[in-house]
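*Asks:* So here's coords.cif (mmCIF, C-alpha atoms).
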data_input
loop_
_atom_site.label_atom_id
_atom_site.label_comp_id
_atom_site.auth_asym_id
_atom_site.auth_seq_id
_atom_site.Cartn_x
_atom_site.Cartn_y
_atom_site.Cartn_z
CA MET A 246 3.77 -15.52 -8.94
CA LYS A 247 3.79 -18.74 -6.90
CA ARG A 248 3.78 -20.81 -10.11
CA VAL A 249 6.67 -18.75 -11.51
CA LEU A 250 8.68 -19.19 -8.32
CA GLY A 251 7.89 -22.89 -8.32
CA LEU A 252 9.34 -23.15 -11.83
CA PHE A 253 12.45 -21.29 -10.68
CA VAL A 254 12.86 -23.61 -7.70
CA PHE A 255 12.74 -26.55 -10.10
CA LEU A 256 15.07 -25.10 -12.74
CA VAL A 257 17.68 -23.35 -10.59
CA PRO A 258 19.53 -26.54 -9.47
CA LEU A 259 19.70 -27.71 -13.12
CA VAL A 260 20.97 -24.36 -14.41
CA LEU A 261 23.46 -24.06 -11.58
CA GLY A 262 24.81 -27.47 -12.43
CA LEU A 263 25.41 -26.40 -16.03
CA GLU A 264 27.00 -23.14 -14.96
CA ALA A 265 29.22 -24.85 -12.42
CA GLY A 266 30.36 -27.32 -15.03
CA ALA A 267 31.26 -24.49 -17.41
CA GLN A 268 33.22 -22.04 -15.29
CA GLY A 269 31.82 -21.91 -11.75
CA PRO A 270 29.53 -19.12 -10.58
CA GLU A 271 32.08 -18.03 -7.95
CA GLN A 272 34.24 -16.54 -10.72
CA LEU A 273 31.52 -14.29 -12.08
CA PHE A 274 30.53 -11.72 -9.51
CA LYS A 275 31.36 -12.88 -6.03
CA GLY A 276 31.78 -9.92 -3.72
CA LYS A 277 30.33 -7.24 -6.01
CA GLN A 278 29.56 -4.22 -3.82
CA VAL A 279 27.70 -0.97 -4.52
CA LEU A 280 27.41 1.53 -1.70
CA PRO A 281 23.88 2.13 -0.33
CA PRO A 282 22.26 5.45 -1.28
CA ASN A 283 21.50 6.49 2.31
CA THR A 284 21.33 5.22 5.89
CA ARG A 285 17.61 4.36 5.75
CA LEU A 286 18.34 0.66 5.54
CA HIS A 287 15.71 -2.05 5.94
CA THR A 288 16.92 -5.54 6.83
CA LYS A 289 15.23 -8.95 6.85
CA ASN A 290 16.65 -12.40 7.56
CA ASP A 291 15.51 -15.85 6.45
CA GLY A 292 17.83 -18.59 7.62
CA ALA A 293 21.23 -18.16 6.00
CA LEU A 294 19.91 -15.35 3.80
CA THR A 295 19.99 -11.65 4.71
CA ILE A 296 18.42 -8.97 2.53
CA VAL A 297 19.10 -5.25 3.04
CA THR A 298 17.26 -2.62 0.99
CA ALA A 299 17.19 1.16 0.61
CA VAL A 300 15.34 3.51 -1.73
CA PRO A 301 16.84 6.92 -2.63
CA SER A 302 14.59 9.95 -2.87
CA ALA A 303 14.31 11.93 -6.08
CA GLU A 304 17.02 14.35 -4.93
CA GLU A 305 19.30 11.57 -3.75
CA THR A 306 18.85 9.81 -7.09
CA LYS A 307 19.94 12.97 -8.94
CA THR A 308 23.06 13.16 -6.78
CA ILE A 309 23.97 9.50 -7.29
CA PHE A 310 23.28 9.15 -11.01
CA GLY A 311 23.52 12.75 -12.21
CA ILE A 312 20.09 12.66 -13.83
CA ASP A 313 16.48 13.10 -12.72
CA LEU A 314 15.42 9.47 -13.07
CA TYR A 315 12.16 10.05 -11.20
CA ALA A 316 11.08 12.37 -14.03
CA LYS A 317 11.64 9.40 -16.38
CA ASN A 318 9.48 7.17 -14.14
CA VAL A 319 12.55 5.27 -12.94
CA GLN A 320 13.14 4.64 -9.24
CA PRO A 321 16.34 2.80 -8.23
CA VAL A 322 16.02 0.30 -5.38
CA TRP A 323 19.28 -0.74 -3.71
CA VAL A 324 19.33 -4.42 -2.76
CA GLN A 325 22.08 -6.29 -0.92
CA VAL A 326 21.89 -10.08 -0.77
CA GLU A 327 24.06 -11.92 1.74
CA ASN A 328 24.11 -15.65 1.08
CA ARG A 329 25.76 -17.51 3.97
CA GLY A 330 24.54 -20.88 2.72
CA ASP A 331 26.31 -23.58 0.76
CA ASN A 332 24.33 -23.18 -2.47
CA THR A 333 24.14 -20.49 -5.12
CA LEU A 334 20.89 -18.52 -5.04
CA TYR A 335 19.04 -16.51 -7.67
CA LEU A 336 17.58 -13.03 -7.11
CA THR A 337 14.36 -12.57 -9.11
CA PRO A 338 13.74 -8.88 -9.95
CA LEU A 339 10.09 -9.42 -10.88
CA GLY A 340 9.16 -9.32 -7.19
CA LEU A 341 10.33 -5.73 -6.99
CA ASP A 342 8.51 -4.69 -10.13
CA PRO A 343 7.22 -6.83 -13.02
CA GLY A 344 7.92 -3.84 -15.28
CA TYR A 345 11.48 -3.18 -14.08
CA PHE A 346 14.09 -1.58 -16.37
CA THR A 347 17.48 -3.00 -17.25
CA PRO A 348 20.50 -0.75 -16.63
CA ARG A 349 20.95 -0.03 -20.34
CA GLU A 350 17.22 0.58 -20.77
CA THR A 351 17.41 3.06 -17.89
CA ALA A 352 20.22 4.90 -19.68
CA ASN A 353 18.19 4.99 -22.90
CA ARG A 354 15.26 6.59 -21.09
CA SER A 355 17.49 9.52 -20.21
CA ARG A 356 17.26 10.82 -23.81
CA SER A 357 20.73 12.20 -23.22
CA SER A 358 23.60 12.70 -25.63
CA SER A 359 25.77 10.83 -23.12
CA GLN A 360 23.72 7.63 -23.20
CA HIS A 361 26.76 5.48 -23.90
CA ARG A 362 28.61 6.79 -20.84
CA LEU A 363 25.48 6.47 -18.72
CA SER A 364 25.00 2.87 -19.83
CA GLY A 365 28.35 1.96 -18.36
CA SER A 366 27.66 3.67 -15.03
CA PHE A 367 24.20 2.12 -14.72
CA GLU A 368 25.56 -1.33 -15.51
CA LYS A 369 28.26 -0.92 -12.85
CA ALA A 370 25.65 0.13 -10.29
CA GLY A 371 22.90 -2.28 -11.30
CA HIS A 372 22.26 -5.96 -10.70
CA THR A 373 23.14 -6.99 -14.24
CA THR A 374 23.36 -10.67 -13.21
CA MET A 375 21.18 -12.21 -10.54
CA TRP A 376 23.21 -15.23 -9.39
CA VAL A 377 24.44 -14.95 -5.78
CA PRO A 378 27.15 -17.53 -5.02
CA SER A 379 27.43 -19.24 -1.66
CA ASN A 380 29.18 -17.38 1.16
CA SER A 381 29.10 -14.06 -0.68
CA ILE A 382 27.54 -10.63 -0.55
CA GLN A 383 26.28 -8.92 -3.67
CA SER A 384 24.69 -5.47 -3.84
CA GLY A 385 23.43 -3.12 -6.50
CA TYR A 386 20.39 -1.37 -7.90
CA ILE A 387 17.28 -2.68 -9.56
CA PHE A 388 15.56 0.03 -11.59
CA THR A 389 11.80 0.04 -10.98
CA ARG A 390 8.87 2.29 -11.78
CA VAL A 391 8.30 5.19 -9.41
CA ASP A 392 6.26 4.77 -6.24
CA GLU A 393 6.34 7.84 -4.05
CA GLY A 394 5.36 7.82 -0.39
CA THR A 395 5.88 4.25 0.80
CA LYS A 396 7.59 1.90 -1.63
CA SER A 397 6.21 -1.63 -1.38
CA PHE A 398 8.01 -4.54 -3.00
CA ASN A 399 9.10 -8.15 -2.56
CA VAL A 400 12.64 -9.44 -2.74
CA ASP A 401 12.30 -13.03 -3.93
CA VAL A 402 15.36 -15.28 -3.85
CA VAL A 403 15.25 -18.93 -4.97
CA GLY A 404 17.59 -21.88 -4.91
CA ASP A 405 18.33 -25.12 -3.07
CA GLY A 406 14.70 -26.16 -3.62
CA THR A 407 13.47 -23.18 -1.55
CA ALA A 408 11.80 -19.86 -2.35
CA HIS A 409 12.58 -16.98 0.03
CA MET A 410 9.90 -14.29 -0.35
CA LEU A 411 10.54 -11.21 1.79
CA SER A 412 8.26 -8.15 1.76
CA PHE A 413 9.55 -4.61 2.29
CA TYR A 414 7.74 -1.31 2.95
CA VAL A 415 10.19 1.57 2.64
CA PRO A 416 9.18 5.22 3.26
CA VAL A 417 10.60 7.52 0.59
CA PRO A 418 11.03 11.22 1.44
CA GLY A 419 9.38 13.76 -0.84
CA LEU A 420 5.61 13.74 -0.30
CA ARG A 421 3.75 15.48 2.52
CA LEU A 422 1.53 12.58 3.55
CA ASP A 423 -1.54 13.12 5.70
CA HIS A 424 -0.87 10.35 8.21
CA TYR A 425 2.55 11.82 8.98
CA GLU A 426 0.67 14.76 10.51
CA VAL A 427 -1.14 12.61 13.10
CA ASP A 428 0.39 11.04 16.20
CA MET A 429 -1.84 7.97 16.45
CA ARG A 430 -0.52 7.08 19.90
CA ALA A 431 -1.55 10.44 21.33
CA ILE A 432 -5.19 10.45 20.17
CA TYR A 433 -6.51 8.65 23.26
CA PRO A 434 -4.95 8.56 26.72
CA GLU A 435 -4.58 5.10 28.22
CA ALA A 436 -7.47 5.71 30.63
CA GLU A 437 -9.92 6.11 27.70
CA LEU A 438 -9.05 2.82 26.01
CA ARG A 439 -11.68 0.10 26.30
CA HIS A 440 -10.62 -3.53 26.00
CA LEU A 441 -13.56 -5.66 24.88
CA ASP A 442 -14.44 -9.24 24.06
CA LEU A 443 -16.19 -9.99 20.76
CA PRO A 444 -19.85 -9.56 21.88
CA GLU A 445 -18.97 -6.30 23.64
CA LEU A 446 -17.03 -5.10 20.60
CA VAL A 447 -19.95 -5.67 18.24
CA ALA A 448 -22.33 -3.85 20.59
CA GLU A 449 -20.01 -0.86 20.90
CA LEU A 450 -19.29 -0.71 17.17
CA GLU A 451 -23.00 -0.59 16.35
CA LYS A 452 -23.38 2.40 18.69
CA LEU A 453 -20.65 4.44 16.99
CA PRO A 454 -21.75 7.34 14.74
CA CYS A 455 -23.64 6.16 11.67
CA CYS A 456 -22.12 8.68 9.29
CA VAL A 457 -19.42 11.26 8.82
CA ARG A 458 -20.22 14.87 9.76
CA ASP A 459 -19.28 18.33 8.64
CA LYS A 460 -16.78 20.39 10.61
CA LYS A 461 -19.51 21.82 12.87
CA GLY A 462 -20.74 18.31 13.65
CA LYS A 463 -24.28 19.00 12.50
CA SER A 464 -24.94 17.70 8.98
CA LYS A 465 -24.54 13.99 8.25
CA GLY A 466 -22.79 12.59 5.19
CA ASP A 467 -21.51 9.27 3.88
CA PRO A 468 -22.05 6.16 6.02
CA LEU A 469 -19.25 4.88 8.23
CA ASN A 470 -19.45 1.40 6.76
CA LEU A 471 -15.98 -0.02 7.47
CA VAL A 472 -14.29 -1.39 10.58
CA PHE A 473 -10.63 -2.42 10.59
CA ILE A 474 -8.98 -4.39 13.39
CA GLY A 475 -5.20 -4.16 13.18
CA GLU A 476 -2.11 -2.19 14.05
CA ILE A 477 -1.52 0.93 11.98
CA GLN A 478 1.42 -0.69 10.15
CA ASP A 479 -0.78 -3.68 9.29
CA ILE A 480 -3.31 -1.33 7.70
CA TYR A 481 -0.72 0.45 5.59
CA TYR A 482 1.07 -2.74 4.61
CA ALA A 483 -2.21 -4.42 3.65
CA PHE A 484 -3.39 -1.57 1.45
CA ILE A 485 -0.04 -0.72 -0.08
CA ARG A 486 0.45 -4.37 -0.96
CA ALA A 487 -3.02 -4.29 -2.57
CA GLY A 488 -1.99 -1.34 -4.75
CA TRP A 489 -3.55 1.55 -2.82
CA ASP A 490 -1.72 4.85 -2.43
CA GLU A 491 -1.30 7.27 0.43
CA THR A 492 -2.67 10.81 0.20
CA GLU A 493 -0.91 14.12 0.46
CA THR A 494 -2.02 16.95 2.70
CA ILE A 495 -3.66 19.97 1.10
CA TYR A 496 -0.96 22.55 0.34
CA GLY A 497 0.19 24.61 -2.62
CA SER A 498 1.98 21.92 -4.60
CA SER A 499 -0.66 19.22 -4.07
CA VAL A 500 -3.42 21.63 -5.08
CA MET A 501 -1.57 22.53 -8.28
CA LYS A 502 -0.94 18.87 -9.13
CA THR A 503 -4.60 18.06 -8.46
CA ALA A 504 -5.76 20.90 -10.70
CA ALA A 505 -3.37 19.91 -13.49
CA SER A 506 -4.55 16.30 -13.33
CA ALA A 507 -8.18 17.37 -13.42
CA LEU A 508 -7.59 19.55 -16.49
CA THR A 509 -5.56 16.98 -18.40
CA GLY A 510 -7.46 13.89 -17.27
CA GLY A 511 -4.26 12.44 -15.81
CA ARG A 512 -3.72 10.34 -12.72
CA TYR A 513 -2.38 11.94 -9.55
CA ARG A 514 -2.00 8.89 -7.36
CA TYR A 515 -1.52 10.84 -4.11
CA SER A 516 -4.16 13.53 -4.54
CA PRO A 517 -5.49 15.00 -1.26
CA VAL A 518 -8.97 14.12 -0.07
CA SER A 519 -11.24 16.61 1.65
CA ALA A 520 -11.70 16.51 5.41
CA LEU A 521 -14.73 14.70 6.79
CA TYR A 522 -15.34 14.41 10.50
CA ALA A 523 -16.02 11.75 13.13
CA PHE A 524 -15.44 12.03 16.89
CA GLY A 525 -15.07 15.77 16.33
CA ARG A 526 -11.90 15.49 14.23
CA PRO A 527 -11.00 15.01 10.55
CA GLN A 528 -9.87 11.62 9.32
CA ASP A 529 -6.67 10.28 10.84
CA ALA A 530 -5.58 8.90 7.47
CA ALA A 531 -6.88 8.30 3.96
CA MET A 532 -5.84 6.08 1.06
CA GLN A 533 -6.92 5.86 -2.55
CA ARG A 534 -6.74 3.74 -5.67
CA ALA A 535 -6.61 5.84 -8.83
CA ARG A 536 -8.29 4.42 -11.91
CA GLY A 537 -8.70 6.06 -15.33
CA SER A 538 -8.13 9.62 -14.11
CA ILE A 539 -8.19 11.74 -10.98
CA ASN A 540 -11.96 12.01 -11.46
CA GLU A 541 -12.31 8.25 -11.10
CA ARG A 542 -10.89 6.72 -7.97
CA ASN A 543 -11.79 4.70 -4.91
CA HIS A 544 -10.82 6.21 -1.60
CA PHE A 545 -11.43 5.70 2.07
CA ARG A 546 -10.94 7.58 5.31
CA ILE A 547 -10.30 6.03 8.72
CA TRP A 548 -10.52 7.16 12.34
CA LEU A 549 -8.99 5.42 15.34
CA THR A 550 -11.56 4.52 18.00
CA PRO A 551 -10.88 4.07 21.74
CA LEU A 552 -11.89 0.40 21.38
CA ARG A 553 -9.42 -2.48 21.56
CA TYR A 554 -9.94 -6.15 20.75
CA LYS A 555 -7.29 -8.55 22.04
CA ASN A 556 -5.04 -5.51 22.62
CA THR A 557 -5.39 -4.56 18.94
CA PRO A 558 -6.61 -1.11 17.78
CA VAL A 559 -10.05 -0.84 16.19
CA TRP A 560 -10.70 1.69 13.42
CA ILE A 561 -13.88 2.93 11.76
CA GLY A 562 -13.96 4.15 8.20
CA GLN A 563 -15.87 5.37 5.17
CA ILE A 564 -15.30 4.36 1.55
CA SER A 565 -16.67 5.76 -1.70
CA ARG A 566 -16.10 5.42 -5.44
CA ASP A 567 -15.64 8.66 -7.38
CA ILE A 568 -17.28 8.41 -10.81
CA GLY A 569 -16.99 12.02 -11.99
CA VAL A 570 -17.16 15.65 -10.89
CA HIS A 571 -19.99 18.15 -10.57
CA PHE A 572 -20.54 21.70 -9.37
CA THR A 573 -22.03 22.55 -5.98
CA TRP A 574 -22.93 25.75 -4.14
CA LYS A 575 -20.79 24.68 -1.16
CA THR A 576 -17.48 23.68 -2.78
CA ILE A 577 -17.83 24.95 -6.38
CA ILE A 578 -16.52 21.63 -7.74
CA THR A 579 -16.41 18.23 -6.09
CA HIS A 580 -16.33 14.55 -6.90
CA LYS A 581 -19.54 12.71 -7.62
CA ILE A 582 -19.81 9.34 -5.88
CA ASP A 583 -21.39 6.09 -7.03
CA PRO A 584 -24.67 5.92 -5.04
CA ASP A 585 -24.27 2.15 -4.49
CA VAL A 586 -21.92 2.47 -1.51
CA ASP A 587 -22.41 -1.21 -0.62
CA GLU A 588 -20.81 -2.23 -3.92
CA THR A 589 -17.75 -0.13 -3.09
CA ARG A 590 -17.63 -1.71 0.37
CA GLU A 591 -17.70 -5.20 -1.17
CA TYR A 592 -15.09 -4.21 -3.76
CA LEU A 593 -12.73 -3.43 -0.92
CA LEU A 594 -13.31 -6.83 0.67
CA GLU A 595 -12.62 -8.61 -2.61
CA ASP A 596 -9.57 -6.46 -3.30
CA LEU A 597 -7.98 -7.18 0.07
CA ALA A 598 -8.85 -10.88 -0.10
CA PHE A 599 -7.22 -11.26 -3.53
CA SER A 600 -4.21 -9.33 -2.19
CA GLN A 601 -3.98 -11.74 0.77
CA ALA A 602 -4.32 -8.86 3.23
CA ILE A 603 -7.09 -10.03 5.59
CA ARG A 604 -7.34 -12.80 8.18
CA GLY A 605 -11.10 -12.67 8.63
CA PHE A 606 -14.27 -10.64 8.10
CA GLY A 607 -17.91 -10.36 9.16
CA TYR A 608 -20.85 -7.94 9.13
CA ILE A 609 -22.64 -5.89 11.77
CA GLY A 610 -25.21 -3.09 11.74
CA GLY A 611 -24.84 0.50 12.82
CA THR A 612 -25.33 2.79 9.81
CA GLY A 613 -29.05 2.30 9.20
CA ALA A 614 -30.55 1.15 5.91
CA ALA A 615 -31.38 3.56 3.07
CA PRO A 616 -33.46 1.81 0.35
CA TYR A 617 -32.87 2.37 -3.34
CA ASP A 618 -36.13 4.33 -3.67
CA GLN A 619 -35.46 6.35 -0.50
CA PRO A 620 -31.77 7.26 -0.66
CA ARG A 621 -29.97 9.49 1.80
CA GLY A 622 -27.62 12.28 0.76
CA ASN A 623 -24.00 13.04 1.60
CA LEU A 624 -22.55 16.43 2.47
CA THR A 625 -22.28 17.54 -1.18
CA GLY A 626 -25.77 16.43 -2.10
CA ASP A 627 -24.99 13.11 -3.79
CA PRO A 628 -27.59 10.40 -3.07
CA TYR A 629 -26.61 6.97 -1.79
CA PHE A 630 -28.41 3.78 -0.80
CA THR A 631 -27.23 1.03 1.54
CA ASP A 632 -28.28 -2.10 3.40
CA GLY A 633 -27.06 -0.44 6.61
CA ARG A 634 -24.27 -2.92 7.37
CA ARG A 635 -20.68 -2.34 8.41
CA LEU A 636 -17.96 -4.61 7.10
CA VAL A 637 -15.57 -5.70 9.87
CA MET A 638 -12.13 -6.86 8.69
CA TRP A 639 -9.22 -8.29 10.62
CA LEU A 640 -6.18 -7.09 8.67
CA SER A 641 -2.79 -8.76 8.32
CA GLY A 642 0.59 -7.24 7.57
CA GLU A 643 1.73 -10.62 6.21
CA PRO A 644 0.12 -12.48 3.28
CA VAL A 645 -2.84 -14.73 4.11
CA ALA A 646 -3.99 -17.23 1.49
CA MET A 647 -7.62 -16.89 0.42
CA ASP A 648 -8.48 -20.37 1.66
CA LYS A 649 -7.22 -19.36 5.12
CA ILE A 650 -9.51 -16.32 5.49
CA GLN A 651 -12.06 -16.82 8.26
CA VAL A 652 -15.68 -15.84 7.62
CA LYS A 653 -16.93 -14.76 11.05
CA ASP A 654 -20.63 -15.06 11.84
CA LEU A 655 -21.34 -12.03 14.03
CA THR A 656 -25.13 -12.29 13.92
CA PRO A 657 -25.43 -13.75 17.48
CA TYR A 658 -23.97 -10.50 18.83
CA LEU A 659 -26.02 -7.98 16.82
CA THR A 660 -28.00 -5.48 18.89
CA GLY A 661 -30.00 -3.76 16.16
CA ALA A 662 -28.63 -0.39 17.24
CA VAL A 663 -28.04 2.42 14.74
CA GLY A 664 -25.43 5.00 15.61
CA PRO A 665 -26.33 8.68 16.02
#
Could you write out this file's structure as structure tokens?
*Replies:*
Amino acid sequence: MKRVLGLFVFLVPLVLGLEAGAQGPEQLFKGKQVLPPNTRLHTKNDGALTIVTAVPSAEETKTIFGIDLYAKNVQPVWVQVENRGDNTLYLTPLGLDPGYFTPRETANRSRSSSQHRLSGSFEKAGHTTMWVPSNSIQSGYIFTRVDEGTKSFNVDVVGDGTAHMLSFYVPVPGLRLDHYEVDMRAIYPEAELRHLDLPELVAELEKLPCCVRDKKGKSKGDPLNLVFIGEIQDIYYAFIRAGWDETETIYGSSVMKTAASALTGGRYRYSPVSALYAFGRPQDAAMQRARGSINERNHFRIWLTPLRYKNTPVWIGQISRDIGVHFTWKTIITHKIDPDVDETREYLLEDLAFSQAIRGFGYIGGTGAAPYDQPRGNLTGDPYFTDGRRLVMWLSGEPVAMDKIQVKDLTPYLTGAVGP
């Protein structure tokens, strides 16, 4: 993407010169305005540039366009660009979605007898041309593929030898997401919070529970092999930017969608995950990355701890890779995990690094080793083996280049402790 934007930065002044010589960009679409779909506006500024975005829900989209676009895998994103500078800028839609639809293509996907009429309305509402003249405001829709839950996208604007790359994370009503059910600020009273330096943090992290538990707190399951240091919004922004999805709570509709996906082999990106326990409570949040089908996905669960490092929350988590399903006496049917849980842990590190979502990482102990020839079992009877390490990651809500990621040597602070 950086190379593409660099090419645009080089070409835009040349193209603008040609356009200006022909008829002047001011005559084309200066002042075009399309009303926003709702009041859930998200605004970002970068010098003389202001971007405002909004994403309509499925129901709002039906009201605005008179058709269920979500059912056609089309999600309109309203974008307003205010250019207070002296140069014409160019809005690049690829940042919102590399597979975006043109207005006429969106009309064609309707499969309606009134496609011709719809084409006109979509073209009036859409950003059919991406030039934004100086001292003007232009607004309209870009038609993207559907992302329910939180919509993550970039609005990239280039011109005047500069690339403006602004990231947005817009909640979209419609799903019943698990983390909406938890008030993270109310989990621990202020008196229980423990502010630690790095050696103290490592020591306390190694003493935390080694594994998840069942609801009664007796049987042990998968290892708690992740530690995140970051604000809750940094965690969500990091994972959503990396292509992970939120999870729905378990209720009638989500159960039906999960069952349908399992029967058809389809992908249900927001499928609920079962409750596992740490600190006497189920996970505070979970996220997943669907792969070939609902039976093949990576997912993790996280719990907020009472620990703080440099006034930043510290989380502990568990990650596994689903590779199929099998029957059990306890749950009738459940996912089967890849027994190499360390590989899944390392996959997550690589994924977040390539997505520019981490500032630093290191390793500590705490879960206890389980050799290949002496595996432990999780709560549904699947075996797993591990080197016993926890991966500690400092997350970032803003992109961090891979060559800027710090590899932190935490070995001087290791205690050798294994959590209960």
*Asks:* Identify all residues satisfying the PyMOL selection byres ((chain A and resi 588-593) around 9) in the given file; provide them as a list of chain:residue names.
*Replies:*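 So the PyMOL selection byres ((chain A and resi 588-593) around 9), applied here, picks out A:Asn470, A:Leu471, A:Asn543, A:Gln563, A:Ile564, A:Ser565, A:Arg566, A:Asp583, A:Asp585, A:Val586, A:Asp587, A:Leu594, A:Glu595, A:Asp596, A:Leu597, A:Ala598, A:Arg635, A:Leu636.
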*Asks:* Please enumerate the residues selected by the PyMOL selection byres ((chain A and resi 487-489) around 10) when evaluated against the supplied file, formatted as a ChimeraX atom specification.
*Replies:* /A:397,481-486,490-492,514-515,532-535,543-544,593,596-602
*Asks:* Generate a file of the selected residues that holds C-alpha atoms, formatted as a PDB file, in the frame of the given file.
*Replies:*
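Saved result, again_28.pdb, follows:
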ATOM      1  CA  SER A 397       6.210  -1.630  -1.380  1.00  0.00           C
ATOM      2  CA  TYR A 481      -0.720   0.450   5.590  1.00  0.00           C
ATOM      3  CA  TYR A 482       1.070  -2.740   4.610  1.00  0.00           C
ATOM      4  CA  ALA A 483      -2.210  -4.420   3.650  1.00  0.00           C
ATOM      5  CA  PHE A 484      -3.390  -1.570   1.450  1.00  0.00           C
ATOM      6  CA  ILE A 485      -0.040  -0.720  -0.080  1.00  0.00           C
ATOM      7  CA  ARG A 486       0.450  -4.370  -0.960  1.00  0.00           C
ATOM      8  CA  ASP A 490      -1.720   4.850  -2.430  1.00  0.00           C
ATOM      9  CA  GLU A 491      -1.300   7.270   0.430  1.00  0.00           C
ATOM     10  CA  THR A 492      -2.670  10.810   0.200  1.00  0.00           C
ATOM     11  CA  ARG A 514      -2.000   8.890  -7.360  1.00  0.00           C
ATOM     12  CA  TYR A 515      -1.520  10.840  -4.110  1.00  0.00           C
ATOM     13  CA  MET A 532      -5.840   6.080   1.060  1.00  0.00           C
ATOM     14  CA  GLN A 533      -6.920   5.860  -2.550  1.00  0.00           C
ATOM     15  CA  ARG A 534      -6.740   3.740  -5.670  1.00  0.00           C
ATOM     16  CA  ALA A 535      -6.610   5.840  -8.830  1.00  0.00           C
ATOM     17  CA  ASN A 543     -11.790   4.700  -4.910  1.00  0.00           C
ATOM     18  CA  HIS A 544     -10.820   6.210  -1.600  1.00  0.00           C
ATOM     19  CA  LEU A 593     -12.730  -3.430  -0.920  1.00  0.00           C
ATOM     20  CA  ASP A 596      -9.570  -6.460  -3.300  1.00  0.00           C
ATOM     21  CA  LEU A 597      -7.980  -7.180   0.070  1.00  0.00           C
ATOM     22  CA  ALA A 598      -8.850 -10.880  -0.100  1.00  0.00           C
ATOM     23  CA  PHE A 599      -7.220 -11.260  -3.530  1.00  0.00           C
ATOM     24  CA  SER A 600      -4.210  -9.330  -2.190  1.00  0.00           C
ATOM     25  CA  GLN A 601      -3.980 -11.740   0.770  1.00  0.00           C
ATOM     26  CA  ALA A 602      -4.320  -8.860   3.230  1.00  0.00           C
TER      27      ALA A 602
END
*Asks:* Could you pull out every residue with an atom within 9 Å of (-6.9, 0.8, 26.8), file coordinates, counting only C-alpha atoms, and send them as a list in words?
*Replies:* Tyr433, Pro434, Glu435, Ala436, Glu437, Leu438, Arg439, His440, Pro551, Leu552, Arg553 and Asn556 of chain A
*Asks:* List the neighbours of region 381-395 of chain A out to 7 Å using only C-alpha atoms; skip same-chain residues closer than 2 positions along the sequence, and give me the result as JSON, numbers by chain.
*Replies:* {"A": [275, 276, 277, 278, 279, 315, 318, 319, 320, 321, 322, 323, 324, 325, 326, 327, 328, 329, 342, 344, 345, 346, 347, 370, 371, 372, 377, 378, 379, 397, 414, 415, 416, 417, 418, 420, 491]}
*Asks:* May I have the selected residues written with C-alpha atoms, as a PDB file, in the frame of the given file?
*Replies:*
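Wrote it out as out15.pdb, contents follow:
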ATOM      1  CA  LYS A 275      31.360 -12.880  -6.030  1.00  0.00           C
ATOM      2  CA  GLY A 276      31.780  -9.920  -3.720  1.00  0.00           C
ATOM      3  CA  LYS A 277      30.330  -7.240  -6.010  1.00  0.00           C
ATOM      4  CA  GLN A 278      29.560  -4.220  -3.820  1.00  0.00           C
ATOM      5  CA  VAL A 279      27.700  -0.970  -4.520  1.00  0.00           C
ATOM      6  CA  TYR A 315      12.160  10.050 -11.200  1.00  0.00           C
ATOM      7  CA  ASN A 318       9.480   7.170 -14.140  1.00  0.00           C
ATOM      8  CA  VAL A 319      12.550   5.270 -12.940  1.00  0.00           C
ATOM      9  CA  GLN A 320      13.140   4.640  -9.240  1.00  0.00           C
ATOM     10  CA  PRO A 321      16.340   2.800  -8.230  1.00  0.00           C
ATOM     11  CA  VAL A 322      16.020   0.300  -5.380  1.00  0.00           C
ATOM     12  CA  TRP A 323      19.280  -0.740  -3.710  1.00  0.00           C
ATOM     13  CA  VAL A 324      19.330  -4.420  -2.760  1.00  0.00           C
ATOM     14  CA  GLN A 325      22.080  -6.290  -0.920  1.00  0.00           C
ATOM     15  CA  VAL A 326      21.890 -10.080  -0.770  1.00  0.00           C
ATOM     16  CA  GLU A 327      24.060 -11.920   1.740  1.00  0.00           C
ATOM     17  CA  ASN A 328      24.110 -15.650   1.080  1.00  0.00           C
ATOM     18  CA  ARG A 329      25.760 -17.510   3.970  1.00  0.00           C
ATOM     19  CA  ASP A 342       8.510  -4.690 -10.130  1.00  0.00           C
ATOM     20  CA  GLY A 344       7.920  -3.840 -15.280  1.00  0.00           C
ATOM     21  CA  TYR A 345      11.480  -3.180 -14.080  1.00  0.00           C
ATOM     22  CA  PHE A 346      14.090  -1.580 -16.370  1.00  0.00           C
ATOM     23  CA  THR A 347      17.480  -3.000 -17.250  1.00  0.00           C
ATOM     24  CA  ALA A 370      25.650   0.130 -10.290  1.00  0.00           C
ATOM     25  CA  GLY A 371      22.900  -2.280 -11.300  1.00  0.00           C
ATOM     26  CA  HIS A 372      22.260  -5.960 -10.700  1.00  0.00           C
ATOM     27  CA  VAL A 377      24.440 -14.950  -5.780  1.00  0.00           C
ATOM     28  CA  PRO A 378      27.150 -17.530  -5.020  1.00  0.00           C
ATOM     29  CA  SER A 379      27.430 -19.240  -1.660  1.00  0.00           C
ATOM     30  CA  SER A 397       6.210  -1.630  -1.380  1.00  0.00           C
ATOM     31  CA  TYR A 414       7.740  -1.310   2.950  1.00  0.00           C
ATOM     32  CA  VAL A 415      10.190   1.570   2.640  1.00  0.00           C
ATOM     33  CA  PRO A 416       9.180   5.220   3.260  1.00  0.00           C
ATOM     34  CA  VAL A 417      10.600   7.520   0.590  1.00  0.00           C
ATOM     35  CA  PRO A 418      11.030  11.220   1.440  1.00  0.00           C
ATOM     36  CA  LEU A 420       5.610  13.740  -0.300  1.00  0.00           C
ATOM     37  CA  GLU A 491      -1.300   7.270   0.430  1.00  0.00           C
TER      38      GLU A 491
END
